[in-house]
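Novice: Handing you this structure, nothing more for now.
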Amino acid sequence: MKGVGVMVEHANGLVLGAGEGRSIWFLDALLTWKATEKVTGGWELVEQLGPRGFGPPLHLHNREAEGFYILDGEVSFTVHEREFLASAGTFVFVPPDTAHSFVIESPVARFLTFVTPPALESFLDELAQPAAARSLPPSGAEVDIQRFDEAAARHGQKTLGPPMSPRT
């Protein structure tokens with residue numbers, strides 16, 4: 001029997017230990033895929049680690065629902081017209097066709113993002129690069145709204161506005 005800390009994947013399930021999974025650098029954050037459509041057939045789970053200020057532009061998904069579970073830190077969200085601060089232990093659900101965005105408020109935050117049906121991985125792979133290390137990227141990156149918007153359109157998403165800014 002293989003222990004936690006060693007990836008085990010087969011037709012009967014998947015086990016990933018802490019720090020395991022395919023990691024990418026998206027903007028100035030580290031995203032680690034814990035479950036993908038290839039394994040689940042119907043949903044995705046990604047662990048996100050980002051610094052203060054990390055967040056996507058205001059956008060919506062035509063068919064995907066997203067759930068966010070905050071593990072560490074504080075993250076401000078806009079969901080439809082509601083704005084709120086989420087801290088560790090908070091769960092946020094965003095149904096399809098709902099405008100939303102988030103921005104990390106604390107020095108760093110770590111959270112899980114659940115997506116169904118799966119579509120986030122292919123979208124992010126267009127905008128991200130493989131992580132050279134399981135750490136935040138060496139330097140921050142600005143959101144290229146045009147590139148984000150073009151990729152979003154190809155994946156059934158729509159960019160509605162700029163990224164949120166952290167509160168003062």
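Lettering and numbering for the structure tokens are positional, with chains as A, B, ... in the shown order, residues counted from 1 in each chain, and ligands counted from 1 in the shown order.
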Just want the 7 Å neighbourhood of Ala128 in chain A, counted on only C-alpha atoms, with same-chain residues fewer than 6 positions away dropped. Output as a JSON list (two decimals) with N, CA and C atoms, in the first residue's frame.

Specialist:
```json
[["chain", "number", "residue", "atom", "x", "y", "z"],
["A", 24, "ILE", "N", 0.79, 25.06, -11.92],
["A", 24, "ILE", "CA", 1.00, 26.09, -12.93],
["A", 24, "ILE", "C", 1.14, 27.44, -12.23],
["A", 25, "TRP", "N", 1.79, 28.37, -12.91],
["A", 25, "TRP", "CA", 1.83, 29.75, -12.47],
["A", 25, "TRP", "C", 0.85, 30.52, -13.33],
["A", 26, "PHE", "N", -0.14, 31.09, -12.68],
["A", 26, "PHE", "CA", -1.15, 31.91, -13.35],
["A", 26, "PHE", "C", -1.08, 33.29, -12.74]]
```

Novice: Mind checking which residues fall within 6 Å of Phe114 in chain A, counting only C-alpha atoms, ignoring those fewer than 2 positions away in the same chain, and posting them as a PDB file with N, CA and C atoms, in the first residue's frame?

Specialist:
```pdb
ATOM      1  N   GLU A  44     -13.707  19.555 -11.393  1.00  0.00           N
ATOM      2  CA  GLU A  44     -12.297  19.871 -11.167  1.00  0.00           C
ATOM      3  C   GLU A  44     -12.132  20.461  -9.768  1.00  0.00           C
ATOM      4  N   LEU A  45     -10.944  20.272  -9.225  1.00  0.00           N
ATOM      5  CA  LEU A  45     -10.589  20.888  -7.950  1.00  0.00           C
ATOM      6  C   LEU A  45      -9.160  21.391  -8.058  1.00  0.00           C
ATOM      7  N   GLU A  66     -18.891  27.526  -9.733  1.00  0.00           N
ATOM      8  CA  GLU A  66     -17.640  27.460  -8.976  1.00  0.00           C
ATOM      9  C   GLU A  66     -17.944  27.535  -7.484  1.00  0.00           C
ATOM     10  N   GLY A  67     -17.158  26.805  -6.736  1.00  0.00           N
ATOM     11  CA  GLY A  67     -17.206  26.889  -5.286  1.00  0.00           C
ATOM     12  C   GLY A  67     -15.809  27.214  -4.792  1.00  0.00           C
TER      13      GLY A  67
END
```

Novice: Given the choices A:Ala152, A:Val94, A:Ala133, A:Leu160, which gets closest to Gly19 in chain A if the distance is worked out from only C-alpha atoms?

Specialist: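 Result for the nearest residue to Gly19 in chain A: A:Ala133.
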
Novice: I'd like the neighbourhood of Phe148 in chain A as a VMD selection string, where a residue qualifies if any of its atoms comes within 10 Å (using only C-alpha atoms), though same-chain residues fewer than 6 positions away should be ignored.

Specialist: chain A and resid 56 to 57 123 to 124 126 to 127 157 to 159

Novice: Please write the residues from the selection above to a file, keeping N, CA and C atoms, as an mmCIF file, in the first residue's frame.

Specialist:
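In the end it all went to part03.cif:
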```
data_model
loop_
_atom_site.group_PDB
_atom_site.id
_atom_site.type_symbol
_atom_site.label_atom_id
_atom_site.label_comp_id
_atom_site.auth_asym_id
_atom_site.auth_seq_id
_atom_site.Cartn_x
_atom_site.Cartn_y
_atom_site.Cartn_z
ATOM 1 N N PRO A 56 -8.729 37.524 -10.555
ATOM 2 C CA PRO A 56 -9.080 37.660 -11.968
ATOM 3 C C PRO A 56 -9.947 38.896 -12.217
ATOM 4 N N PRO A 57 -10.105 39.272 -13.482
ATOM 5 C CA PRO A 57 -11.062 40.333 -13.815
ATOM 6 C C PRO A 57 -12.481 39.893 -13.449
ATOM 7 N N PHE A 123 -8.953 26.390 -19.865
ATOM 8 C CA PHE A 123 -8.892 27.851 -19.949
ATOM 9 C C PHE A 123 -7.586 28.378 -19.358
ATOM 10 N N LEU A 124 -7.269 27.953 -18.129
ATOM 11 C CA LEU A 124 -6.067 28.454 -17.462
ATOM 12 C C LEU A 124 -4.794 28.006 -18.163
ATOM 13 N N GLU A 126 -4.226 27.972 -21.191
ATOM 14 C CA GLU A 126 -3.928 28.936 -22.254
ATOM 15 C C GLU A 126 -3.191 30.160 -21.726
ATOM 16 N N LEU A 127 -3.430 30.508 -20.472
ATOM 17 C CA LEU A 127 -2.896 31.747 -19.900
ATOM 18 C C LEU A 127 -1.730 31.537 -18.940
ATOM 19 N N GLN A 157 -16.749 31.925 -21.430
ATOM 20 C CA GLN A 157 -16.730 32.905 -20.357
ATOM 21 C C GLN A 157 -16.803 34.302 -20.959
ATOM 22 N N LYS A 158 -17.126 35.261 -20.114
ATOM 23 C CA LYS A 158 -17.184 36.642 -20.579
ATOM 24 C C LYS A 158 -16.538 37.534 -19.532
ATOM 25 N N THR A 159 -15.592 38.375 -19.972
ATOM 26 C CA THR A 159 -14.970 39.348 -19.088
ATOM 27 C C THR A 159 -15.879 40.573 -19.023
#
```

Novice: Mind checking which residues fall within 8 Å of range 28-41 of chain A, counting only C-alpha atoms, ignoring those fewer than 4 positions away in the same chain, and posting them as a PyMOL selection string?

Specialist: chain A and resi 13-14+16+19-24+45-51+54+118+121+131+134-137+139-141

Novice: Which residues in range 6-132 of chain A does DSSP call strand (DSSP E)? List them as a ChimeraX atom specification.

Specialist: /A:8-10,13-15,22-26,29-35,44-51,57-61,65-72,74-79,82-87,91-94,100-104,108-116,129-130

Novice: As a list in words, please: every residue in chain A that a backbone DSSP assignment puts in alpha helix (DSSP H).

Specialist: Glu37, Lys38, Val39, Thr40, Leu120, Glu121, Ser122, Phe123, Leu124, Asp125, Glu126, Leu127, Ile145, Gln146, Arg147, Phe148, Asp149, Glu150, Ala151, Ala152, Ala153 and Arg154 of chain A

Novice: Against range 161-166 of chain A, which residues of range 58-154 of chain A fall within 6 Å? For each one I want the closest pair of atoms and the distance in Å (one decimal), counting only C-alpha atoms, rows by chain and increasing residue number, as CSV.

Specialist:
```
residue,atom,partner,partner_atom,distance
A:Leu58,CA,A:Gly161,CA,4.8
A:Val103,CA,A:Met164,CA,5.8
A:Glu105,CA,A:Pro166,CA,5.4
```

Novice: Can you write just those residues out, C-alpha atoms, as a compact mmCIF listing (two decimals), in the first residue's frame?

Specialist:
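Result file part_32.txt:
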```txt
# COMPACT_ATOMS: atom_id res chain seq x y z
CA LEU A 58 -14.80 40.52 -13.13
CA VAL A 103 -8.91 39.59 -4.70
CA GLU A 105 -6.47 40.86 0.95
```

Novice: How far is it from CA of Ser106 in chain A to CA of Phe84 in chain A, in Å with one decimal?

Specialist: 14.1 Å

Novice: For His61 in chain A, which residue out of A:Pro96, A:Leu112, A:Ala119, A:Phe102 is the nearest one, using only C-alpha atoms?

Specialist: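 Of the candidates, the smallest distance to His61 in chain A is held by A:Pro96.
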